[in-house]
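First the structure, in the form of structure tokens, and then the observations on it.
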Amino acid sequence: MKRGSLLAISGQGAKLCLQLGTTAVLARVLSPADFGLASLIGPIVSFFAVFRDVGLTSATIYSDDITDAEVSSLFWINVGAGVVLAAVVLALSPLAALFYADPRLVPILAVMALTFVLNGAAAQYQALFQRHFEFRRLTVIDITANTAGAAVAITAGLLGLGYWSLVLLPVVTQATSVVCTVTLSKWQPSRPRWERRTGMMTRFGSSIAGFNILNYFARNLDNLLIGKVWGMEALGFYGRAYQLMMAPLSQIIYPLNQVVVPVLTRVKDDPEVYRRTYKTTMRMILLVCAPLVTLLLVGRVWVIDILLGPRWQQATPIFLALGFAALVQPMNNSTGWLMLSQGRSREVFYWGVIGSAITVVSILVGLHWGALAVAVSYSLVQIVLITPLLWWFCCRRGPVSVSDLVSIATPILIPCVIAGTLFESFRVFALPRLGIELPAIVGLLLALAWIVTSGFTLLSLFPAGRDVLNGAASALRALRPAPKPGAISSPRAS
């Protein structure tokens, strides 16, 4: 699992750099309104994307045993669902254009409909890669596809195609991914046939699909309503701030979902191994994510300046507000790993009902005052209400308890909060009094050095923190390649 995790994270790190570079270029070529239109299209497409695999990839990945014939049966269901969804999007595109009073949505959604067919064709291939821990292939596919999409988007932007460059980006990325996936896979589907266990797997997947539908509304209602009430420019600032804050976390958490859940599923019958595996994994994740989010928070002005440019400073306070929710995001996302690996898919759906309802209310409360108020309301509810409620709901059953989650998060988050608060005080009070205005890249590097140095120093001062650092060191040593048989190691210098 450790080697698979390293592959997944390194691949997503390359992908994140590529995405940030693409955003930095396009933000200087396109207008905030262009990005606002893209942020509006995203939720519309994402809603239908919820249905694209009907949760059937989860059935393939997490089933104790599954035959080629059953995978083929699920493949054809995925393909059919993709075709149906593409047709539905085409049919409804005029209504979307009418609702937002923007006729550009009709041709845009017609092009975006292609992604549903492409996703449906690739779903079971990629599920099998995950099931068999073929993360090297997944990483190669992901980087290749994103490179192709970025190249086309940047070229289109430089040629003056405007918002179409943002539309072409996901289409080209997905098309390249399908070609690479099918080419590298050893598996090919057989003719369509309904297998005996297909219905059971469909029922398992339906709970996951139900959660995804509810989660869609919770995650995208802010974009839909801000675009409708406050316009494309406000949505552009909000959408870019959200993406910049959450993208680094998603590039770490999503690939680990591909690795961790199958592993936890296989050790679920040994509670102690299960608990130890989860705690070790989450400590490693937080050791990366918590300092990263802290850096983004204290260096927000410099981050926006470097990645988006001076026209985007209105996104800075939104970026800050969302950052506090990002601090708890890794732990909250991992609760899904626990419930899925324990076969509690129905409870995942139940939480979707509860969590989505609370999140929607938080968005509606802030909407009256604008995009920044939505971000503030969302973050407050995520920290104060969603997090404790979710931890309790998840840990009512299973080997991992709420105290385990607290023991994972507290030793890492507290040093980051202290380090971040000290640097923020230095940036806000000391630098202006000294008459110093740091260049963005210098300020960001200084913040990085401070957070890493002071944060890890604070960790080492307490027994719980030292346990975290020792565990991380042991995990890194385990990732070293074993020496080849017969190889002679170099003598140490005396």
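Just so we're on the same page: first chain in the structure tokens is A, next is B, and so on; residues restart at 1 for each chain, and ligands are numbered from 1 in the order they show up.
Residues with any atom within 10 Å of A:Thr181, counting only C-alpha atoms and excluding same-chain neighbours fewer than 2 positions away, are Ala121, Ala122, Ala123, Tyr125, Gln126, Phe129, Arg137, Leu138, Val140, Ile141, Asp142, Ala145, Ala175, Thr176, Ser177, Val178, Val179, Thr183, Leu184, Ser185 and Lys186 of chain A.
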Please dump the current selection as a short mmCIF file (atom, residue, chain, number, x, y, z; two decimals), in the first residue's frame; keep C-alpha atoms.
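The result, written out as selection05.cif:
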data_model
loop_
_atom_site.label_atom_id
_atom_site.label_comp_id
_atom_site.auth_asym_id
_atom_site.auth_seq_id
_atom_site.Cartn_x
_atom_site.Cartn_y
_atom_site.Cartn_z
CA ALA A 121 -16.59 3.58 -21.68
CA ALA A 122 -13.58 3.96 -19.37
CA ALA A 123 -15.22 3.36 -15.97
CA TYR A 125 -11.31 -0.42 -17.16
CA GLN A 126 -10.10 2.02 -14.52
CA PHE A 129 -6.77 -1.04 -12.52
CA ARG A 137 -0.64 2.64 -15.22
CA LEU A 138 -3.29 4.90 -13.67
CA VAL A 140 0.72 7.39 -16.53
CA ILE A 141 -2.80 7.66 -17.97
CA ASP A 142 -3.71 10.57 -15.70
CA ALA A 145 -4.43 12.89 -20.40
CA ALA A 175 -10.82 11.51 -24.64
CA THR A 176 -7.08 11.00 -24.17
CA SER A 177 -7.71 9.11 -20.93
CA VAL A 178 -10.09 6.68 -22.67
CA VAL A 179 -7.63 5.98 -25.48
CA THR A 183 -4.70 0.64 -24.93
CA LEU A 184 -2.95 -0.28 -21.66
CA SER A 185 -5.62 -2.64 -20.31
CA LYS A 186 -5.26 -6.40 -20.59
#
What's the 10 Å shell around stretch 231-233 of chain A, counting only C-alpha atoms, without same-chain residues fewer than 5 positions away, as number ranges by chain?
A: 31-40, 100, 223, 225-226, 238-239
Which residues are near A:Val384? Cut-off 10 Å, only C-alpha atoms, ignore same chain within fewer than 5 positions. Put them as an MDAnalysis selection string.
chainID A and resid 325 379 389
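For the atom pair formed by atom CA of A:Arg283 and atom CA of A:Val406, the distance is 11.2 Å, given to one decimal.
Using only C-alpha atoms, the smallest distance between any of A:Asn332, A:Ser165, A:Ser72, A:Gln130 and A:Val263 comes from A:Gln130.
Checking A:Phe423, A:Ile41, A:Gln342, A:Trp450 one by one against A:Val267, counting only C-alpha atoms, you find the shortest gap at A:Gln342.
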May I ask which of the residues A:Asn146, A:Asn333, A:Thr115, A:Gln188 is the closest one to A:Val89, counting only C-alpha atoms?
A:Thr115
Any chance you could list, as a ChimeraX atom specification, the residues in stretch 158-334 of chain A that come up alpha helix (DSSP H) when DSSP is run on the backbone?
/A:158,164-184,198-230,232-266,271-298,300-307,316-334
For A:Leu264, please output as number ranges by chain all residues within 10 Å (counting only C-alpha atoms; exclusion window: fewer than 2 positions along the same chain).
A: 1, 62, 259-262, 266-270, 273-275, 277-278, 337-338, 340-342
Quick one: residues within 12 Å of A:Gln243, only C-alpha atoms counted, chain neighbours fewer than 3 positions away excluded, as JSON, numbers by chain?
{"A": [16, 19, 20, 23, 35, 38, 39, 42, 219, 223, 235, 236, 237, 238, 239, 240, 246, 247, 248, 249, 250, 251, 304, 307, 308, 315, 318, 319, 322, 323, 326]}
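Atom CA of A:Pro388 lies 15.2 Å from atom CA of A:Gly352.
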So that I can check the surroundings of A:Gly160, please list as a list in words every protein, DNA and RNA residue that reaches within 10 Å of it, counting only C-alpha atoms and ignoring chain neighbours fewer than 5 positions away.
Val29, Leu30, Ile154, Thr155 and Ser165 of chain A
Please produce a file of those selected residues containing N, CA, C and O atoms, as an mmCIF file, in the first residue's frame.
data_model
loop_
_atom_site.group_PDB
_atom_site.id
_atom_site.type_symbol
_atom_site.label_atom_id
_atom_site.label_comp_id
_atom_site.auth_asym_id
_atom_site.auth_seq_id
_atom_site.Cartn_x
_atom_site.Cartn_y
_atom_site.Cartn_z
ATOM 1 N N VAL A 29 -4.930 35.254 -19.701
ATOM 2 C CA VAL A 29 -5.424 35.366 -21.075
ATOM 3 C C VAL A 29 -6.935 35.582 -21.096
ATOM 4 O O VAL A 29 -7.443 36.359 -21.903
ATOM 5 N N LEU A 30 -7.637 34.909 -20.182
ATOM 6 C CA LEU A 30 -9.092 34.987 -20.148
ATOM 7 C C LEU A 30 -9.556 35.961 -19.072
ATOM 8 O O LEU A 30 -8.783 36.365 -18.200
ATOM 9 N N ILE A 154 -4.484 25.708 -23.461
ATOM 10 C CA ILE A 154 -3.593 26.872 -23.538
ATOM 11 C C ILE A 154 -3.485 27.367 -24.971
ATOM 12 O O ILE A 154 -3.530 28.581 -25.241
ATOM 13 N N THR A 155 -3.367 26.429 -25.914
ATOM 14 C CA THR A 155 -3.299 26.823 -27.325
ATOM 15 C C THR A 155 -4.567 27.556 -27.742
ATOM 16 O O THR A 155 -4.519 28.606 -28.407
ATOM 17 N N SER A 165 -11.658 27.539 -24.543
ATOM 18 C CA SER A 165 -10.460 26.838 -24.077
ATOM 19 C C SER A 165 -10.753 26.076 -22.796
ATOM 20 O O SER A 165 -10.222 24.980 -22.577
#
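You will find atom CA of A:Phe116 at 26.3 Å from atom CA of A:Val360.
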Just want the 10 Å neighbourhood of A:Ala148, counted on only C-alpha atoms, with same-chain residues fewer than 5 positions away dropped. Output as a compact mmCIF listing (two decimals) with C-alpha atoms, in the first residue's frame.
# COMPACT_ATOMS: atom_id res chain seq x y z
CA ILE A 143 -0.61 12.63 -16.43
CA ALA A 153 -6.62 24.58 -23.63
CA LEU A 169 -9.87 21.16 -21.46
CA PRO A 170 -12.05 18.40 -19.87
CA VAL A 172 -9.68 16.49 -24.58
CA THR A 173 -8.47 15.23 -21.19
CA GLN A 174 -11.21 12.60 -21.00
CA ALA A 175 -10.82 11.51 -24.64
CA THR A 176 -7.08 11.00 -24.17
CA SER A 177 -7.71 9.11 -20.93
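With distances restricted to only C-alpha atoms, A:Ile66 is the closest residue to A:Arg131 from A:Ile66, A:Ala87, A:Thr453, A:Cys395.
With only C-alpha atoms as the atoms that count, the residue of A:Gly420, A:Gly343, A:Gly21, A:Gly443 with the shortest distance to A:Phe324 is A:Gly420.
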